[in-house]
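A.B. asks: Take a look at the following structure, please.
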Amino acid sequence: MKKHEELPIVEGYEPQKKTISMLVANLLAIGMFVVIGAVLGIAFYSIHGSRELDSWNGMLLWFVLLMVLGIAVHELIHGITWLILTHNSFRHLSFGFLPGGVYCHIDVPMPKRQYVIGALMPLLLLGIVPTILAFCIGSFLWLLLGIVFIVSAAGDIMIVWAIRKDPSDALVYDHPSEAGCYVYRKTAQS
């Protein structure tokens, strides 16, 4: 569980809690896996045939190892992206487990755009890029990893969707103990 942390006070801004249910995120991930897996699997098979599927037997261990490593890398990508965009140090990050998932937390508010980029970067680097690579080189292993990491970004996608209508000048603070964030909107006096 994440450590208890005081919500930062940002003068001229009022925070609003935006969290998602890990149960709903995991159910969405299952649905995404079925749909995305079917669409990409059919497309891959129509382009590359069963040649690559036949050689899958020796790849199961690699798949499991890369998937486990990828879970940690997914959270590191969030953290490193946020640190680069906010010019903060590693001491502002914490990592751990929540019921239903793992997390990376940064303890500084940041502009909404920076938060969204950091939230979606693992989807791009671990999900979309390997999927494109899989189609280019005909690798079923990379396709499966790409699908798994697209699906593992379901919670991140839900959080970004939850804040999509918030103003672009809002600040976002990663929630310290739940999946989600606080959105800081400018108050009328500011």
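Starting from 1 in every chain, residues are counted up; chains themselves are A, B, ... following the order of the structure tokens, and ligands are numbered from 1 as listed.
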I'd like a table as JSON lines: residues in region 5-85 of chain A with an atom no more than 9 Å from region 121-141 of chain A, each row giving the shortest atom pair and its distance in Å to one decimal, only C-alpha atoms counted, sorted by chain and rising residue number.

C.D. replies:
{"residue": "A:Leu40", "atom": "CA", "partner": "A:Thr131", "partner_atom": "CA", "distance": 8.6}
{"residue": "A:Gly41", "atom": "CA", "partner": "A:Phe140", "partner_atom": "CA", "distance": 8.9}
{"residue": "A:Ala43", "atom": "CA", "partner": "A:Phe135", "partner_atom": "CA", "distance": 8.9}
{"residue": "A:Phe44", "atom": "CA", "partner": "A:Phe135", "partner_atom": "CA", "distance": 6.6}
{"residue": "A:Ile47", "atom": "CA", "partner": "A:Phe135", "partner_atom": "CA", "distance": 8.1}
{"residue": "A:His48", "atom": "CA", "partner": "A:Gly138", "partner_atom": "CA", "distance": 6.1}
{"residue": "A:Glu52", "atom": "CA", "partner": "A:Phe140", "partner_atom": "CA", "distance": 6.0}
{"residue": "A:Leu53", "atom": "CA", "partner": "A:Phe140", "partner_atom": "CA", "distance": 6.5}
{"residue": "A:Ser55", "atom": "CA", "partner": "A:Phe140", "partner_atom": "CA", "distance": 9.0}
{"residue": "A:Trp56", "atom": "CA", "partner": "A:Phe140", "partner_atom": "CA", "distance": 7.4}
{"residue": "A:Met59", "atom": "CA", "partner": "A:Leu141", "partner_atom": "CA", "distance": 6.9}
{"residue": "A:Leu60", "atom": "CA", "partner": "A:Leu141", "partner_atom": "CA", "distance": 8.5}
{"residue": "A:Trp62", "atom": "CA", "partner": "A:Leu141", "partner_atom": "CA", "distance": 8.3}
{"residue": "A:Phe63", "atom": "CA", "partner": "A:Leu141", "partner_atom": "CA", "distance": 6.7}
{"residue": "A:Gly70", "atom": "CA", "partner": "A:Leu126", "partner_atom": "CA", "distance": 7.5}
{"residue": "A:Val73", "atom": "CA", "partner": "A:Pro122", "partner_atom": "CA", "distance": 8.2}
{"residue": "A:His74", "atom": "CA", "partner": "A:Pro122", "partner_atom": "CA", "distance": 5.3}
{"residue": "A:Glu75", "atom": "CA", "partner": "A:Pro122", "partner_atom": "CA", "distance": 7.7}
{"residue": "A:Leu76", "atom": "CA", "partner": "A:Pro122", "partner_atom": "CA", "distance": 8.8}
{"residue": "A:Ile77", "atom": "CA", "partner": "A:Pro122", "partner_atom": "CA", "distance": 5.9}
{"residue": "A:His78", "atom": "CA", "partner": "A:Met121", "partner_atom": "CA", "distance": 6.7}
{"residue": "A:Thr81", "atom": "CA", "partner": "A:Met121", "partner_atom": "CA", "distance": 7.4}

A.B. asks: Per DSSP on the backbone, filter chain A down to the residues in strand (DSSP E) and report them as a JSON list (two decimals) with N, CA and C atoms, in the first residue's frame.

C.D. replies:
[["chain", "number", "residue", "atom", "x", "y", "z"],
["A", 13, "TYR", "N", -5.42, 27.25, -6.70],
["A", 13, "TYR", "CA", -5.97, 26.04, -7.31],
["A", 13, "TYR", "C", -6.78, 25.24, -6.29],
["A", 14, "GLU", "N", -7.82, 24.60, -6.75],
["A", 14, "GLU", "CA", -8.66, 23.74, -5.92],
["A", 14, "GLU", "C", -8.58, 22.31, -6.46],
["A", 15, "PRO", "N", -8.21, 21.32, -5.59],
["A", 15, "PRO", "CA", -8.08, 19.94, -6.08],
["A", 15, "PRO", "C", -9.43, 19.21, -6.16],
["A", 16, "GLN", "N", -9.52, 18.32, -7.14],
["A", 16, "GLN", "CA", -10.67, 17.44, -7.29],
["A", 16, "GLN", "C", -10.15, 16.02, -7.51],
["A", 17, "LYS", "N", -10.64, 15.09, -6.71],
["A", 17, "LYS", "CA", -10.19, 13.70, -6.78],
["A", 17, "LYS", "C", -10.77, 13.01, -8.02],
["A", 18, "LYS", "N", -9.89, 12.31, -8.77],
["A", 18, "LYS", "CA", -10.29, 11.54, -9.95],
["A", 18, "LYS", "C", -9.61, 10.18, -9.86],
["A", 19, "THR", "N", -10.34, 9.18, -9.38],
["A", 19, "THR", "CA", -9.76, 7.85, -9.25],
["A", 19, "THR", "C", -10.58, 6.84, -10.03],
["A", 93, "LEU", "N", 9.87, 9.94, -6.42],
["A", 93, "LEU", "CA", 9.16, 8.75, -6.89],
["A", 93, "LEU", "C", 9.07, 7.70, -5.79],
["A", 94, "SER", "N", 7.98, 6.93, -5.82],
["A", 94, "SER", "CA", 7.88, 5.72, -5.00],
["A", 94, "SER", "C", 7.19, 4.66, -5.84],
["A", 95, "PHE", "N", 7.52, 3.41, -5.55],
["A", 95, "PHE", "CA", 6.99, 2.27, -6.28],
["A", 95, "PHE", "C", 6.45, 1.26, -5.28],
["A", 96, "GLY", "N", 5.44, 0.50, -5.69],
["A", 96, "GLY", "CA", 4.90, -0.51, -4.80],
["A", 96, "GLY", "C", 3.73, -1.25, -5.40],
["A", 97, "PHE", "N", 2.93, -1.85, -4.52],
["A", 97, "PHE", "CA", 1.80, -2.67, -4.93],
["A", 97, "PHE", "C", 0.51, -2.13, -4.34],
["A", 98, "LEU", "N", -0.54, -2.15, -5.14],
["A", 98, "LEU", "CA", -1.91, -1.88, -4.71],
["A", 98, "LEU", "C", -2.70, -3.16, -4.97],
["A", 101, "GLY", "N", -2.79, -4.41, -8.70],
["A", 101, "GLY", "CA", -1.77, -3.85, -9.58],
["A", 101, "GLY", "C", -0.57, -3.28, -8.86],
["A", 102, "VAL", "N", 0.38, -2.82, -9.65],
["A", 102, "VAL", "CA", 1.57, -2.16, -9.14],
["A", 102, "VAL", "C", 1.47, -0.67, -9.46],
["A", 103, "TYR", "N", 2.32, 0.13, -8.84],
["A", 103, "TYR", "CA", 2.22, 1.56, -9.09],
["A", 103, "TYR", "C", 3.58, 2.24, -9.06],
["A", 104, "CYS", "N", 3.60, 3.40, -9.69],
["A", 104, "CYS", "CA", 4.65, 4.39, -9.57],
["A", 104, "CYS", "C", 3.94, 5.67, -9.16],
["A", 105, "HIS", "N", 4.43, 6.33, -8.12],
["A", 105, "HIS", "CA", 3.82, 7.57, -7.64],
["A", 105, "HIS", "C", 4.87, 8.66, -7.65],
["A", 106, "ILE", "N", 4.49, 9.82, -8.15],
["A", 106, "ILE", "CA", 5.35, 11.01, -8.06],
["A", 106, "ILE", "C", 4.64, 11.99, -7.14],
["A", 110, "MET", "N", 1.94, 18.52, -11.41],
["A", 110, "MET", "CA", 2.55, 18.87, -12.69],
["A", 110, "MET", "C", 1.45, 19.32, -13.66],
["A", 111, "PRO", "N", 1.82, 20.04, -14.71],
["A", 111, "PRO", "CA", 0.83, 20.41, -15.71],
["A", 111, "PRO", "C", 0.16, 19.16, -16.30],
["A", 171, "LEU", "N", -3.43, 21.52, -13.07],
["A", 171, "LEU", "CA", -2.29, 20.76, -12.56],
["A", 171, "LEU", "C", -2.81, 19.40, -12.13],
["A", 172, "VAL", "N", -1.96, 18.39, -12.23],
["A", 172, "VAL", "CA", -2.36, 17.04, -11.85],
["A", 172, "VAL", "C", -1.36, 16.51, -10.83],
["A", 173, "TYR", "N", -1.92, 15.93, -9.76],
["A", 173, "TYR", "CA", -1.11, 15.33, -8.71],
["A", 173, "TYR", "C", -1.51, 13.86, -8.62],
["A", 174, "ASP", "N", -0.54, 12.98, -8.81],
["A", 174, "ASP", "CA", -0.79, 11.55, -8.77],
["A", 174, "ASP", "C", -1.32, 11.16, -7.40],
["A", 180, "GLY", "N", -5.30, 6.73, -9.75],
["A", 180, "GLY", "CA", -5.89, 7.98, -10.21],
["A", 180, "GLY", "C", -5.06, 9.18, -9.80],
["A", 181, "CYS", "N", -5.74, 10.30, -9.68],
["A", 181, "CYS", "CA", -5.02, 11.55, -9.42],
["A", 181, "CYS", "C", -5.96, 12.58, -8.82],
["A", 182, "TYR", "N", -5.38, 13.72, -8.47],
["A", 182, "TYR", "CA", -6.14, 14.91, -8.12],
["A", 182, "TYR", "C", -5.88, 15.92, -9.25],
["A", 183, "VAL", "N", -6.96, 16.52, -9.73],
["A", 183, "VAL", "CA", -6.82, 17.57, -10.73],
["A", 183, "VAL", "C", -7.03, 18.90, -10.01],
["A", 184, "TYR", "N", -6.05, 19.78, -10.13],
["A", 184, "TYR", "CA", -6.10, 21.11, -9.53],
["A", 184, "TYR", "C", -6.57, 22.10, -10.60],
["A", 185, "ARG", "N", -7.75, 22.65, -10.38],
["A", 185, "ARG", "CA", -8.29, 23.68, -11.29],
["A", 185, "ARG", "C", -8.09, 25.06, -10.67],
["A", 186, "LYS", "N", -7.86, 26.03, -11.52],
["A", 186, "LYS", "CA", -7.71, 27.40, -11.02],
["A", 186, "LYS", "C", -9.02, 27.86, -10.38]]

A.B. asks: Go through A:Ala29, A:Pro176, A:Tyr45, A:Val108 one by one, measure the shortest atom-to-atom distance of each to Ile147 (chain A) using only C-alpha atoms, and give the residue with the smallest value.

C.D. replies: A:Ala29

A.B. asks: For Val151 (chain A), which of A:Ala25, A:Ala179, A:Ile20, A:Val116 is the closest residue, counting only C-alpha atoms?

C.D. replies: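 Going through A:Ala25, A:Ala179, A:Ile20, A:Val116 one by one, the smallest distance to Val151 (chain A) is for A:Ala25.
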
A.B. asks: When DSSP is applied to the backbone of this structure, which of region 41-149 of chain A are assigned alpha helix (DSSP H)? Write them out as a VMD selection string.

C.D. replies: chain A and resid 41 to 48 51 to 54 60 to 86 112 to 122 129 to 137 140 to 149

A.B. asks: Might you pull out every residue within 12 Å of region 30-35 of chain A, with only C-alpha atoms counted and same-chain residues fewer than 5 positions away left off, and present them as a list in words?

C.D. replies: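 Answer for this query is Leu23, Val24, Ala25, Leu40, Gly41, Ile42, Leu144, Leu145, Gly146, Ile147, Val148, Phe149, Ile150, Val151, Ser152, Ala153, Ala154, Gly155 and Ile157 of chain A.
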
A.B. asks: For C-alpha atoms, I'd like the residues from the last selection saved as an mmCIF file, in the first residue's frame.

C.D. replies:
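This is the output file selection.cif:
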data_model
loop_
_atom_site.group_PDB
_atom_site.id
_atom_site.type_symbol
_atom_site.label_atom_id
_atom_site.label_comp_id
_atom_site.auth_asym_id
_atom_site.auth_seq_id
_atom_site.Cartn_x
_atom_site.Cartn_y
_atom_site.Cartn_z
ATOM 1 C CA LEU A 23 -11.652 -3.997 -10.497
ATOM 2 C CA VAL A 24 -13.167 -2.019 -13.377
ATOM 3 C CA ALA A 25 -9.710 -1.410 -14.876
ATOM 4 C CA LEU A 40 -4.232 -8.041 -34.166
ATOM 5 C CA GLY A 41 -3.969 -11.831 -34.163
ATOM 6 C CA ILE A 42 -6.123 -12.152 -37.283
ATOM 7 C CA LEU A 144 1.980 -11.102 -27.927
ATOM 8 C CA LEU A 145 4.142 -8.842 -25.745
ATOM 9 C CA GLY A 146 2.752 -5.772 -27.515
ATOM 10 C CA ILE A 147 -0.817 -6.915 -26.915
ATOM 11 C CA VAL A 148 -0.117 -7.703 -23.240
ATOM 12 C CA PHE A 149 1.413 -4.264 -22.666
ATOM 13 C CA ILE A 150 -1.326 -2.421 -24.547
ATOM 14 C CA VAL A 151 -3.796 -4.178 -22.278
ATOM 15 C CA SER A 152 -1.685 -3.527 -19.161
ATOM 16 C CA ALA A 153 -2.118 0.189 -19.848
ATOM 17 C CA ALA A 154 -5.917 -0.077 -19.399
ATOM 18 C CA GLY A 155 -5.801 1.714 -16.037
ATOM 19 C CA ILE A 157 -5.964 4.924 -20.362
#

A.B. asks: Let me make sure I understand: among A:Met158, A:Ile163, A:Leu143, A:Leu66, which one has the smallest atom-to-atom distance to Arg113 (chain A) if we use only C-alpha atoms?

C.D. replies: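 Selected residue with least distance to Arg113 (chain A): A:Ile163.
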
A.B. asks: Figure out the distance between CA of Pro8 (chain A) and CA of Phe90 (chain A), please, to one decimal in Å.

C.D. replies: 18.4 Å

A.B. asks: Would you work out the distance separating CA of Trp82 (chain A) from CA of Ala119 (chain A), expressed in Å to one decimal?

C.D. replies: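 For CA of Trp82 (chain A) relative to CA of Ala119 (chain A), the distance reads 8.5 Å.
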